[in-house]
file target_7.cif (mmCIF, C-alpha atoms and all ligand atoms)
data_structure
loop_
_atom_site.label_atom_id
_atom_site.label_comp_id
_atom_site.auth_asym_id
_atom_site.auth_seq_id
_atom_site.Cartn_x
_atom_site.Cartn_y
_atom_site.Cartn_z
CA MET A 20 0.00 0.00 0.00
CA ASP A 21 1.28 3.41 -0.96
CA GLN A 22 0.96 5.82 2.02
CA LYS A 23 1.37 8.83 -0.26
CA MET A 24 -1.54 7.74 -2.46
CA LYS A 25 -3.65 7.23 0.66
CA ALA A 26 -2.80 10.70 1.98
CA ASP A 27 -3.45 12.22 -1.46
CA VAL A 28 -6.86 10.66 -1.91
CA LEU A 29 -7.96 11.74 1.59
CA GLU A 30 -6.72 15.24 0.89
CA GLY A 31 -8.47 15.21 -2.49
CA PHE A 32 -11.71 14.19 -0.80
CA GLU A 33 -11.50 17.01 1.72
CA LYS A 34 -10.69 19.60 -0.93
CA VAL A 35 -13.60 18.62 -3.14
CA PHE A 36 -16.29 17.57 -0.66
CA GLY A 37 -15.20 19.42 2.47
CA LYS A 38 -14.07 18.12 5.85
CA ASN A 39 -15.90 14.99 6.96
CA ASP A 40 -15.13 13.10 10.19
CA ASN A 41 -16.54 9.87 8.79
CA VAL A 42 -14.39 9.62 5.71
CA LYS A 43 -12.37 6.41 5.29
CA ALA A 44 -9.70 5.37 2.81
CA TYR A 45 -9.84 2.19 0.74
CA PHE A 46 -7.86 0.34 -1.92
CA ALA A 47 -8.59 -2.31 -4.56
CA PRO A 48 -5.87 -3.77 -6.78
CA GLY A 49 -5.43 -4.11 -10.52
CA ARG A 50 -4.31 -7.45 -11.91
CA VAL A 51 -2.00 -9.09 -14.35
CA ASN A 52 -2.79 -12.45 -15.91
CA LEU A 53 0.18 -14.81 -16.16
CA ILE A 54 -1.50 -17.27 -18.53
CA GLY A 55 -5.01 -18.36 -19.59
CA GLU A 56 -6.22 -15.62 -21.90
CA HIS A 57 -9.72 -15.46 -23.36
CA THR A 58 -10.58 -18.66 -21.52
CA ASP A 59 -12.64 -17.16 -18.71
CA TYR A 60 -15.86 -16.76 -20.73
CA ASN A 61 -15.35 -20.27 -22.12
CA GLY A 62 -15.46 -22.11 -18.80
CA GLY A 63 -11.68 -22.57 -18.84
CA HIS A 64 -8.88 -21.83 -16.40
CA VAL A 65 -7.02 -18.58 -15.75
CA PHE A 66 -3.97 -17.74 -13.67
CA PRO A 67 -3.98 -14.04 -12.70
CA CYS A 68 -2.58 -12.23 -9.69
CA ALA A 69 -3.53 -8.98 -7.99
CA LEU A 70 -0.97 -6.19 -8.12
CA THR A 71 0.17 -3.69 -5.52
CA ILE A 72 -1.00 -0.92 -7.87
CA GLY A 73 -4.71 -0.27 -8.15
CA THR A 74 -7.38 2.27 -7.27
CA TYR A 75 -7.42 4.24 -4.03
CA GLY A 76 -10.69 5.69 -2.78
CA ALA A 77 -11.93 7.95 0.01
CA ALA A 78 -15.62 7.77 0.77
CA ALA A 79 -18.33 8.70 3.24
CA LYS A 80 -22.08 8.22 3.47
CA ARG A 81 -24.43 11.14 2.87
CA ASP A 82 -27.77 12.05 4.47
CA ASP A 83 -29.66 12.31 1.19
CA ARG A 84 -29.98 10.15 -1.93
CA LYS A 85 -27.24 11.84 -3.93
CA MET A 86 -23.98 10.24 -5.01
CA ARG A 87 -21.07 12.49 -5.85
CA PHE A 88 -17.92 11.29 -7.55
CA PHE A 89 -14.56 12.86 -8.19
CA SER A 90 -11.53 11.38 -9.94
CA MET A 91 -8.06 12.76 -9.32
CA ASN A 92 -6.78 11.04 -12.45
CA PHE A 93 -8.07 13.52 -14.99
CA GLU A 94 -6.98 17.05 -15.63
CA ASN A 95 -9.80 19.55 -15.19
CA SER A 96 -11.73 16.90 -13.34
CA ARG A 97 -15.09 17.91 -11.92
CA VAL A 98 -17.59 16.49 -9.49
CA ILE A 99 -20.13 14.25 -11.21
CA GLU A 100 -23.44 13.80 -9.47
CA ALA A 101 -25.88 10.92 -9.66
CA SER A 102 -29.04 10.02 -7.78
CA LEU A 103 -30.15 6.72 -6.26
CA ASP A 104 -33.55 7.51 -7.76
CA ASP A 105 -32.23 7.55 -11.30
CA LEU A 106 -29.34 5.17 -11.80
CA GLU A 107 -30.00 4.46 -15.48
CA SER A 108 -29.06 7.93 -16.69
CA SER A 109 -25.50 7.36 -15.47
CA LYS A 110 -24.99 4.69 -18.15
CA THR A 111 -23.68 7.38 -20.46
CA ALA A 112 -21.94 9.49 -17.82
CA GLY A 113 -18.35 8.49 -18.61
CA TRP A 114 -16.25 6.88 -15.89
CA THR A 115 -18.94 7.19 -13.21
CA ALA A 116 -20.92 4.56 -15.15
CA TYR A 117 -18.63 2.06 -13.36
CA PRO A 118 -19.35 2.97 -9.73
CA VAL A 119 -23.02 3.70 -10.44
CA GLY A 120 -23.22 0.37 -12.30
CA VAL A 121 -22.04 -1.35 -9.13
CA VAL A 122 -24.74 0.39 -7.07
CA TRP A 123 -27.25 -0.73 -9.72
CA ALA A 124 -25.94 -4.33 -9.53
CA PHE A 125 -26.25 -4.32 -5.70
CA GLU A 126 -29.86 -3.19 -6.07
CA LYS A 127 -30.53 -5.99 -8.59
CA ARG A 128 -29.43 -8.42 -5.86
CA GLY A 129 -31.90 -6.84 -3.47
CA PHE A 130 -29.40 -4.68 -1.59
CA LYS A 131 -30.98 -1.22 -1.68
CA LEU A 132 -28.96 1.76 -0.53
CA ASP A 133 -31.03 4.03 1.70
CA LYS A 134 -28.61 6.93 1.40
CA GLY A 135 -26.05 8.16 -1.11
CA PHE A 136 -22.32 8.72 -0.65
CA ASP A 137 -19.41 10.89 -1.71
CA MET A 138 -16.42 9.18 -3.26
CA CYS A 139 -13.06 10.47 -4.44
CA ILE A 140 -10.75 8.14 -6.35
CA PHE A 141 -7.10 8.17 -7.32
CA GLY A 142 -5.59 5.27 -9.24
CA ASN A 143 -2.00 4.37 -10.03
CA ILE A 144 -2.70 1.85 -12.78
CA PRO A 145 -1.65 3.39 -16.09
CA ASN A 146 -4.80 4.35 -18.02
CA GLY A 147 -5.94 1.95 -20.73
CA SER A 148 -3.05 -0.41 -19.95
CA GLY A 149 -5.20 -3.51 -19.70
CA LEU A 150 -4.24 -4.03 -16.05
CA SER A 151 -7.88 -3.81 -15.03
CA SER A 152 -8.33 -0.29 -13.84
CA SER A 153 -12.07 -0.70 -14.45
CA ALA A 154 -12.33 -3.97 -12.52
CA SER A 155 -10.40 -2.44 -9.64
CA LEU A 156 -12.80 0.50 -9.62
CA GLU A 157 -15.77 -1.87 -9.58
CA VAL A 158 -14.33 -3.94 -6.74
CA LEU A 159 -13.35 -0.78 -4.85
CA THR A 160 -16.89 0.57 -5.16
CA GLY A 161 -18.41 -2.74 -4.08
CA PHE A 162 -16.06 -2.92 -1.12
CA ILE A 163 -16.90 0.64 -0.08
CA ILE A 164 -20.63 0.00 -0.38
CA ARG A 165 -20.34 -3.16 1.74
CA ASP A 166 -18.38 -1.24 4.34
CA LEU A 167 -20.68 1.80 4.44
CA PHE A 168 -24.01 -0.05 4.33
CA GLY A 169 -23.12 -3.32 6.06
CA PHE A 170 -24.42 -5.59 3.29
CA ASP A 171 -23.77 -9.29 3.78
CA VAL A 172 -21.72 -10.15 0.69
CA THR A 173 -18.43 -11.99 0.31
CA ASN A 174 -15.43 -10.84 -1.68
CA GLN A 175 -16.38 -13.39 -4.32
CA ASP A 176 -19.82 -11.74 -4.49
CA LEU A 177 -18.06 -8.40 -5.02
CA ALA A 178 -16.34 -9.92 -8.05
CA LEU A 179 -19.64 -11.23 -9.43
CA ILE A 180 -21.40 -7.92 -8.76
CA GLY A 181 -18.61 -6.09 -10.60
CA GLN A 182 -18.81 -8.43 -13.58
CA TYR A 183 -22.61 -8.23 -13.63
CA SER A 184 -22.54 -4.46 -13.74
CA GLU A 185 -19.86 -4.40 -16.42
CA ASN A 186 -21.86 -6.86 -18.56
CA ASN A 187 -25.29 -5.33 -18.04
CA PHE A 188 -24.69 -1.69 -17.24
CA ASN A 189 -21.47 -0.90 -19.12
CA GLY A 190 -21.99 -3.16 -22.15
CA CYS A 191 -18.76 -5.17 -22.06
CA ASN A 192 -19.34 -8.93 -21.94
CA CYS A 193 -16.18 -9.58 -19.94
CA GLY A 194 -15.58 -12.81 -18.07
CA ILE A 195 -14.97 -13.06 -14.32
CA MET A 196 -11.17 -13.05 -14.28
CA ASP A 197 -10.39 -9.38 -13.64
CA GLN A 198 -12.92 -8.77 -10.90
CA PHE A 199 -12.07 -12.11 -9.27
CA ALA A 200 -8.35 -11.37 -9.27
CA SER A 201 -8.95 -7.93 -7.75
CA ALA A 202 -11.44 -9.10 -5.10
CA MET A 203 -9.63 -12.33 -4.13
CA GLY A 204 -5.99 -11.33 -4.55
CA LYS A 205 -3.37 -12.63 -2.12
CA GLU A 206 0.12 -11.27 -1.65
CA ASN A 207 2.80 -13.27 -3.48
CA ASN A 208 0.23 -15.69 -4.88
CA ALA A 209 -1.41 -16.17 -8.23
CA ILE A 210 -4.97 -17.48 -8.37
CA PHE A 211 -5.56 -20.70 -10.29
CA LEU A 212 -9.24 -20.30 -11.07
CA ASP A 213 -11.58 -22.68 -12.83
CA THR A 214 -14.12 -20.32 -14.34
CA SER A 215 -16.65 -23.12 -14.95
CA ASP A 216 -17.48 -23.32 -11.23
CA LEU A 217 -15.30 -20.64 -9.59
CA SER A 218 -13.30 -23.21 -7.64
CA PHE A 219 -9.81 -21.89 -7.12
CA GLU A 220 -6.51 -22.42 -5.44
CA TYR A 221 -3.73 -19.98 -4.52
CA ALA A 222 -0.34 -20.77 -6.00
CA PRO A 223 2.71 -19.15 -4.40
CA ILE A 224 4.84 -17.26 -6.89
CA THR A 225 8.34 -17.24 -5.53
CA LEU A 226 10.43 -16.15 -8.45
CA LYS A 227 13.87 -16.65 -7.03
CA GLY A 228 16.22 -14.49 -9.04
CA ALA A 229 13.55 -13.19 -11.44
CA LYS A 230 10.97 -10.42 -11.63
CA ILE A 231 7.59 -9.82 -13.24
CA VAL A 232 7.99 -6.96 -15.69
CA ILE A 233 5.09 -5.28 -17.45
CA ALA A 234 5.61 -3.47 -20.72
CA ASN A 235 2.91 -1.05 -21.79
CA THR A 236 2.40 -0.49 -25.54
CA ASN A 237 0.91 2.95 -24.81
CA LYS A 238 -1.26 2.34 -27.83
CA LYS A 239 -4.07 4.87 -28.15
CA HIS A 240 -7.53 4.50 -29.70
CA LYS A 241 -8.52 1.03 -28.74
CA LEU A 242 -11.75 -0.45 -30.01
CA THR A 243 -11.53 -3.14 -27.41
CA ASP A 244 -15.14 -3.61 -26.37
CA SER A 245 -16.63 -4.36 -29.78
CA GLN A 246 -13.77 -6.64 -30.82
CA TYR A 247 -13.86 -8.36 -27.46
CA ASN A 248 -17.58 -8.98 -27.67
CA ALA A 249 -17.14 -10.31 -31.23
CA ARG A 250 -14.57 -12.90 -30.05
CA ARG A 251 -16.87 -13.97 -27.29
CA SER A 252 -19.81 -14.41 -29.70
CA ALA A 253 -17.65 -16.50 -32.05
CA CYS A 254 -16.76 -18.83 -29.16
CA GLU A 255 -20.38 -19.09 -28.08
CA LYS A 256 -21.51 -19.98 -31.59
CA ALA A 257 -18.70 -22.58 -31.91
CA LEU A 258 -19.79 -24.06 -28.58
CA GLU A 259 -23.37 -24.42 -29.82
CA GLU A 260 -22.16 -26.23 -32.92
CA LEU A 261 -19.98 -28.56 -30.85
CA GLN A 262 -22.83 -29.27 -28.45
CA ALA A 263 -24.67 -30.95 -31.32
CA VAL A 264 -22.03 -33.70 -31.30
CA VAL A 265 -20.53 -33.74 -27.81
CA ASP A 266 -21.92 -33.18 -24.30
CA ILE A 267 -20.06 -30.13 -22.97
CA LYS A 268 -20.97 -26.98 -21.08
CA GLY A 269 -18.06 -24.84 -22.26
CA LEU A 270 -15.07 -25.02 -24.58
CA GLY A 271 -12.98 -25.49 -21.45
CA ASP A 272 -14.49 -28.97 -21.04
CA LEU A 273 -12.63 -30.25 -24.11
CA THR A 274 -9.08 -31.55 -24.20
CA PRO A 275 -7.14 -30.67 -27.38
CA GLU A 276 -7.54 -34.30 -28.52
CA GLU A 277 -11.32 -34.17 -28.08
CA PHE A 278 -11.41 -30.85 -29.89
CA GLU A 279 -9.52 -32.29 -32.87
CA LYS A 280 -11.98 -35.16 -32.99
CA HIS A 281 -15.09 -32.98 -33.02
CA LYS A 282 -13.90 -29.72 -34.59
CA ASP A 283 -15.57 -30.33 -37.95
CA ALA A 284 -18.89 -29.68 -36.25
CA ILE A 285 -17.87 -26.01 -36.34
CA LYS A 286 -18.91 -24.88 -39.77
CA ASP A 287 -16.83 -21.77 -40.20
CA ASP A 288 -13.01 -21.72 -40.45
CA ASP A 289 -12.55 -18.54 -38.50
CA ARG A 290 -14.82 -19.71 -35.69
CA ARG A 291 -13.00 -23.06 -35.57
CA THR A 292 -9.65 -21.28 -35.18
CA LYS A 293 -11.00 -19.09 -32.37
CA ALA A 294 -12.42 -22.10 -30.53
CA LYS A 295 -9.11 -23.90 -30.98
CA HIS A 296 -7.35 -21.12 -29.12
CA ALA A 297 -9.78 -21.35 -26.20
CA VAL A 298 -9.30 -25.13 -25.89
CA TYR A 299 -5.52 -25.17 -26.29
CA GLU A 300 -5.02 -22.13 -24.08
CA ASN A 301 -6.93 -23.86 -21.32
CA GLN A 302 -4.64 -26.88 -21.63
CA ARG A 303 -1.59 -24.59 -21.59
CA THR A 304 -2.82 -23.02 -18.37
CA LEU A 305 -3.21 -26.42 -16.70
CA ASP A 306 0.26 -27.40 -17.91
CA ALA A 307 1.79 -24.09 -16.81
CA VAL A 308 0.50 -24.41 -13.25
CA LYS A 309 1.76 -27.97 -13.13
CA ALA A 310 5.19 -26.81 -14.34
CA LEU A 311 5.27 -24.04 -11.76
CA LYS A 312 4.44 -26.44 -8.95
CA ALA A 313 7.26 -28.69 -10.16
CA GLY A 314 9.61 -25.70 -10.08
CA ASP A 315 10.04 -25.80 -13.87
CA LEU A 316 10.06 -22.09 -14.69
CA GLU A 317 11.57 -22.70 -18.14
CA LYS A 318 8.54 -24.73 -19.14
CA PHE A 319 6.25 -22.07 -17.70
CA GLY A 320 8.02 -19.48 -19.87
CA GLN A 321 7.76 -21.64 -22.97
CA LEU A 322 4.01 -21.96 -22.42
CA MET A 323 3.74 -18.16 -22.05
CA LYS A 324 5.34 -17.85 -25.46
CA GLU A 325 3.02 -20.43 -26.99
CA SER A 326 0.10 -18.57 -25.46
CA HIS A 327 1.15 -15.35 -27.18
CA ILE A 328 1.63 -17.10 -30.53
CA SER A 329 -1.86 -18.55 -30.30
CA LEU A 330 -3.34 -15.16 -29.37
CA ARG A 331 -1.48 -13.67 -32.33
CA ASP A 332 -2.13 -16.27 -35.00
CA ASP A 333 -5.36 -17.98 -33.99
CA TYR A 334 -7.27 -15.59 -31.76
CA ASP A 335 -6.07 -12.49 -33.55
CA VAL A 336 -6.07 -10.09 -30.61
CA THR A 337 -2.48 -8.88 -30.48
CA GLY A 338 -1.47 -6.34 -33.15
CA ILE A 339 1.96 -5.07 -34.13
CA GLU A 340 2.58 -3.26 -30.84
CA LEU A 341 2.09 -6.27 -28.56
CA ASP A 342 3.82 -8.58 -31.06
CA THR A 343 6.87 -6.34 -31.18
CA LEU A 344 7.17 -6.26 -27.39
CA ALA A 345 6.81 -10.04 -27.05
CA GLU A 346 8.93 -11.02 -30.03
CA GLU A 347 11.78 -8.70 -29.00
CA ALA A 348 11.60 -10.05 -25.46
CA TRP A 349 11.95 -13.65 -26.65
CA LYS A 350 15.31 -12.75 -28.20
CA ILE A 351 16.85 -11.95 -24.82
CA PRO A 352 18.38 -14.97 -23.04
CA GLY A 353 17.47 -13.72 -19.57
CA VAL A 354 13.77 -13.59 -20.44
CA ILE A 355 12.06 -16.71 -19.10
CA GLY A 356 8.73 -15.96 -20.73
CA SER A 357 6.79 -13.09 -22.31
CA ARG A 358 3.26 -12.70 -23.64
CA MET A 359 0.44 -10.24 -24.01
CA THR A 360 -1.83 -10.03 -20.98
CA GLY A 361 -5.51 -9.10 -20.67
CA GLY A 362 -7.93 -8.54 -23.51
CA GLY A 363 -5.35 -7.53 -26.12
CA PHE A 364 -5.51 -5.03 -29.02
CA GLY A 365 -3.04 -2.85 -27.12
CA GLY A 366 -2.39 -2.78 -23.41
CA CYS A 367 0.55 -4.65 -21.94
CA THR A 368 2.78 -7.67 -22.11
CA VAL A 369 3.86 -9.55 -19.01
CA SER A 370 7.35 -11.01 -18.86
CA ILE A 371 9.28 -13.05 -16.35
CA VAL A 372 12.81 -11.74 -16.49
CA LYS A 373 15.94 -12.83 -14.61
CA ASP A 374 17.13 -10.10 -12.21
CA GLU A 375 20.36 -9.53 -14.07
CA ALA A 376 18.55 -9.14 -17.42
CA VAL A 377 15.91 -6.60 -16.37
CA GLU A 378 17.89 -3.54 -17.46
CA GLU A 379 18.93 -5.13 -20.75
CA PHE A 380 15.30 -6.14 -21.32
CA LYS A 381 14.00 -2.60 -20.85
CA GLU A 382 16.73 -1.13 -22.99
CA LYS A 383 16.67 -3.53 -25.93
CA VAL A 384 12.93 -4.10 -26.11
CA GLY A 385 12.36 -0.39 -25.53
CA LYS A 386 14.66 0.62 -28.37
CA ALA A 387 13.33 -1.94 -30.85
CA TYR A 388 9.79 -0.85 -30.00
CA LYS A 389 10.50 2.84 -30.48
CA ASP A 390 12.26 2.16 -33.80
CA LYS A 391 9.38 0.12 -35.16
CA ILE A 392 6.32 1.76 -33.64
CA GLY A 393 7.50 5.35 -33.40
CA TYR A 394 6.76 6.06 -29.74
CA ASP A 395 7.94 4.70 -26.41
CA ALA A 396 6.76 1.70 -24.48
CA THR A 397 6.81 2.00 -20.67
CA PHE A 398 8.16 -0.64 -18.32
CA TYR A 399 7.25 -1.43 -14.71
CA THR A 400 8.52 -4.08 -12.37
CA VAL A 401 5.47 -5.16 -10.39
CA GLU A 402 4.75 -7.00 -7.17
CA ILE A 403 1.87 -9.31 -6.37
CA GLY A 404 -0.43 -7.70 -3.83
CA SER A 405 -3.60 -8.55 -1.88
CA GLY A 406 -7.29 -7.88 -2.41
CA PRO A 407 -9.37 -4.84 -1.39
CA ALA A 408 -8.96 -3.31 2.03
CA VAL A 409 -9.76 -0.41 4.32
CA ILE A 410 -6.43 1.32 4.58
C1 LIG B 1 -10.40 -8.86 -20.37
C2 LIG B 1 -11.68 -9.36 -19.70
C3 LIG B 1 -11.44 -10.69 -18.96
C4 LIG B 1 -10.75 -11.70 -19.87
C5 LIG B 1 -9.55 -11.08 -20.58
C6 LIG B 1 -8.97 -12.00 -21.62
O1 LIG B 1 -9.45 -8.52 -19.40
O2 LIG B 1 -12.17 -8.40 -18.79
O3 LIG B 1 -12.65 -11.19 -18.47
O4 LIG B 1 -11.66 -12.24 -20.78
O5 LIG B 1 -9.87 -9.86 -21.22
O6 LIG B 1 -8.43 -13.13 -21.02
#
call {"tool": "encode", "arguments": {"input": "target_7.cif", "output": "structure tokens"}}
result
Amino acid sequence: MDQKMKADVLEGFEKVFGKNDNVKAYFAPGRVNLIGEHTDYNGGHVFPCALTIGTYGAAAKRDDRKMRFFSMNFENSRVIEASLDDLESSKTAGWTAYPVGVVWAFEKRGFKLDKGFDMCIFGNIPNGSGLSSSASLEVLTGFIIRDLFGFDVTNQDLALIGQYSENNFNGCNCGIMDQFASAMGKENNAIFLDTSDLSFEYAPITLKGAKIVIANTNKKHKLTDSQYNARRSACEKALEELQAVVDIKGLGDLTPEEFEKHKDAIKDDDRRTKAKHAVYENQRTLDAVKALKAGDLEKFGQLMKESHISLRDDYDVTGIELDTLAEEAWKIPGVIGSRMTGGGFGGCTVSIVKDEAVEEFKEKVGKAYKDKIGYDATFYTVEIGSGPAVI
């Protein structure tokens, strides 16, 4: 937890909303996914971890039915107001559609807020980096609401509430991975999650002599939501076609061998290739966790690379920016593994890099990226943090 961020968000609250003796500070983390990409809406496995960067919030209950929001992340930011009596109109209100969506999702579950609240936020996840700033904001809001109103919901419920609001209020059909990783994060552990039934296990990540390094493409103008939803629809259609010949609930139920046996049931080439990614990526995730448990980091890194190649060639969600970062990383001997992370189409890669190669990695990959793409990538060494908390 960053004490400075905490002090800043409390100060920001006071400046904008005035002094309030009941104000409290909160934090919810962003996440990085180590492997298992685009498997979470296919009933497959994922392997993310929460980060020590995320969204800080300061909040207090009000005496009326107003909600007021302020973000310290934008220049010329202003207070945005909403009302508990008209949640729907916030759907088009920019970033406040996320916290209001969470209030809406609580109400759908029967948890009605009697009063509104004031909330100031300040995040240290780079904007649009694909490290789940939106999921961390959803989990933060859910956590704050639980704390202020005493609702009886678990952290896992907070993840589901966040996903529900993102799907039904914000129009992105995301899976459960991001919200789950943020709500259930555990320091120094990744979460091995089976998205078909939400059973999970923590796996200690003790990278002796290596670090997790994130490289941000800094790519602007993403059309992520529509492309993302299109991938998801292709998988759903492929699943329907497969269900005519084999008894499965999700693509994650198939082994690669079973997929090869039944794949002709999928009538369209493109859809077949997308479904192939989902099935093989799930297998890679199972294999990667096994390798990690056996202490075989080399194998883990090799699977990260195969994951990227599949996301590039079969799932088609990388693009020249992410490909350049990953492909340049693979050339460096001290890089154990490197791949895109998150939804794709921009955002970040995640790499496991030996301590002594971190500087070389940043320098060489950074230079090659600038030469090819024309602007800089940004690099961060990250740590695995815990879930949401009152701070
Ligand atoms: C985004 C979504 C997640 C997941 C990833 C891809 O981050 O929010 O649910 O589908 O993309 O693995």
call {"tool": "residues_near_ligand", "arguments": {"input": "target_7.cif", "ligand": "ligand LIG 1 (chain B)", "cutoff": "6 Å", "atoms": "all atoms listed in the file", "output": "JSON, numbers by chain"}}
result
{"A": [56, 57, 58, 59, 193, 194, 195, 196, 197, 361, 362]}
call {"tool": "residues_around", "arguments": {"input": "target_7.cif", "residues": "Lys324 (chain A)", "least_positions_apart": "3", "cutoff": "6 Å", "atoms": "only C-alpha atoms", "output": "compact mmCIF listing (two decimals) with C-alpha atoms, in the frame of the given file"}}
result
# COMPACT_ATOMS: atom_id res chain seq x y z
CA GLN A 321 7.76 -21.64 -22.97
CA HIS A 327 1.15 -15.35 -27.18
CA SER A 357 6.79 -13.09 -22.31
CA ARG A 358 3.26 -12.70 -23.64
call {"tool": "closest_residue", "arguments": {"input": "target_7.cif", "among": "A:Lys230, A:Lys293, A:Lys238, A:Lys127", "to": "Cys367 (chain A)", "atoms": "all atoms listed in the file"}}
result
A:Lys238
call {"tool": "residues_near_point", "arguments": {"input": "target_7.cif", "point": "(-10.3, 3.7, -6.0)", "cutoff": "10 Å", "atoms": "only C-alpha atoms", "output": "ChimeraX atom specification"}}
result
/A:28,44-48,73-78,90-91,118,138-143,152-153,155-160,163,407
call {"tool": "residues_around", "arguments": {"input": "target_7.cif", "residues": "Asp283 (chain A)", "least_positions_apart": "5", "cutoff": "10 Å", "atoms": "only C-alpha atoms", "output": "list of chain:residue names"}}
result
A:Glu260, A:Leu261, A:Val264, A:Phe278, A:Asp288, A:Arg291
call {"tool": "residues_around", "arguments": {"input": "target_7.cif", "residues": "Phe170 (chain A)", "least_positions_apart": "5", "cutoff": "8 Å", "atoms": "all atoms listed in the file", "output": "ChimeraX atom specification"}}
result
/A:130,164-165
call {"tool": "residues_around", "arguments": {"input": "target_7.cif", "residues": "Asn186 (chain A)", "least_positions_apart": "5", "cutoff": "12 Å", "atoms": "all atoms listed in the file", "output": "list in words"}}
result
Tyr60, Lys110, Ala116, Tyr117, Gly120, Val121, Ala124, Ala154, Glu157, Leu179, Ile180, Gly181, Cys191, Asn192, Cys193, Gly194, Ile195, Gln198, Asp244 and Asn248 of chain A
call {"tool": "atom_distance", "arguments": {"input": "target_7.cif", "atom1": "CA of Asp104 (chain A)", "atom2": "CA of Lys85 (chain A)"}}
result
8.6 Å
call {"tool": "residues_near_point", "arguments": {"input": "target_7.cif", "point": "(0.3, -7.6, -9.3)", "cutoff": "8 Å", "atoms": "all atoms listed in the file", "output": "short mmCIF file (atom, residue, chain, number, x, y, z; two decimals) with C-alpha atoms, in the frame of the given file"}}
result
data_model
loop_
_atom_site.label_atom_id
_atom_site.label_comp_id
_atom_site.auth_asym_id
_atom_site.auth_seq_id
_atom_site.Cartn_x
_atom_site.Cartn_y
_atom_site.Cartn_z
CA PRO A 48 -5.87 -3.77 -6.78
CA GLY A 49 -5.43 -4.11 -10.52
CA ARG A 50 -4.31 -7.45 -11.91
CA VAL A 51 -2.00 -9.09 -14.35
CA CYS A 68 -2.58 -12.23 -9.69
CA ALA A 69 -3.53 -8.98 -7.99
CA LEU A 70 -0.97 -6.19 -8.12
CA THR A 71 0.17 -3.69 -5.52
CA ILE A 72 -1.00 -0.92 -7.87
CA VAL A 401 5.47 -5.16 -10.39
CA GLU A 402 4.75 -7.00 -7.17
CA ILE A 403 1.87 -9.31 -6.37
CA GLY A 404 -0.43 -7.70 -3.83
#
call {"tool": "closest_residue", "arguments": {"input": "target_7.cif", "among": "A:Phe93, A:Lys312, A:Glu300, A:Val65", "to": "Phe199 (chain A)", "atoms": "only C-alpha atoms"}}
result
A:Val65
call {"tool": "atom_distance", "arguments": {"input": "target_7.cif", "atom1": "CA of Phe88 (chain A)", "atom2": "CA of Lys23 (chain A)"}}
result
20.8 Å
call {"tool": "closest_residue", "arguments": {"input": "target_7.cif", "among": "A:Lys381, A:Ile371, A:Ile410, A:Asp272", "to": "Ala26 (chain A)", "atoms": "all atoms listed in the file"}}
result
A:Ile410
call {"tool": "residues_around", "arguments": {"input": "target_7.cif", "residues": "Gly228 (chain A)", "least_positions_apart": "4", "cutoff": "9 Å", "atoms": "only C-alpha atoms", "output": "list in words"}}
result
Val372, Lys373, Asp374 and Glu375 of chain A
call {"tool": "write_last_selection", "arguments": {"input": "target_7.cif", "atoms": "C-alpha atoms", "output": "PDB file, keeping the file's coordinate frame"}}
result
ATOM      1  CA  VAL A 372      12.810 -11.740 -16.490  1.00  0.00           C
ATOM      2  CA  LYS A 373      15.940 -12.830 -14.610  1.00  0.00           C
ATOM      3  CA  ASP A 374      17.130 -10.100 -12.210  1.00  0.00           C
ATOM      4  CA  GLU A 375      20.360  -9.530 -14.070  1.00  0.00           C
TER       5      GLU A 375
END
call {"tool": "atom_distance", "arguments": {"input": "target_7.cif", "atom1": "CA of Val308 (chain A)", "atom2": "CA of Lys295 (chain A)"}}
result
20.2 Å
call {"tool": "closest_residue", "arguments": {"input": "target_7.cif", "among": "A:Leu177, A:Val409, A:Gly363, A:Asn237", "to": "Lys389 (chain A)", "atoms": "only C-alpha atoms"}}
result
A:Asn237
call {"tool": "closest_residue", "arguments": {"input": "target_7.cif", "among": "A:Leu212, A:Met20, A:Val35, A:Ile355", "to": "Asp315 (chain A)", "atoms": "all atoms listed in the file"}}
result
A:Ile355
call {"tool": "closest_residue", "arguments": {"input": "target_7.cif", "among": "A:Asn61, A:Thr400, A:Asn207, A:Ser252", "to": "Ile231 (chain A)", "atoms": "only C-alpha atoms"}}
result
A:Thr400
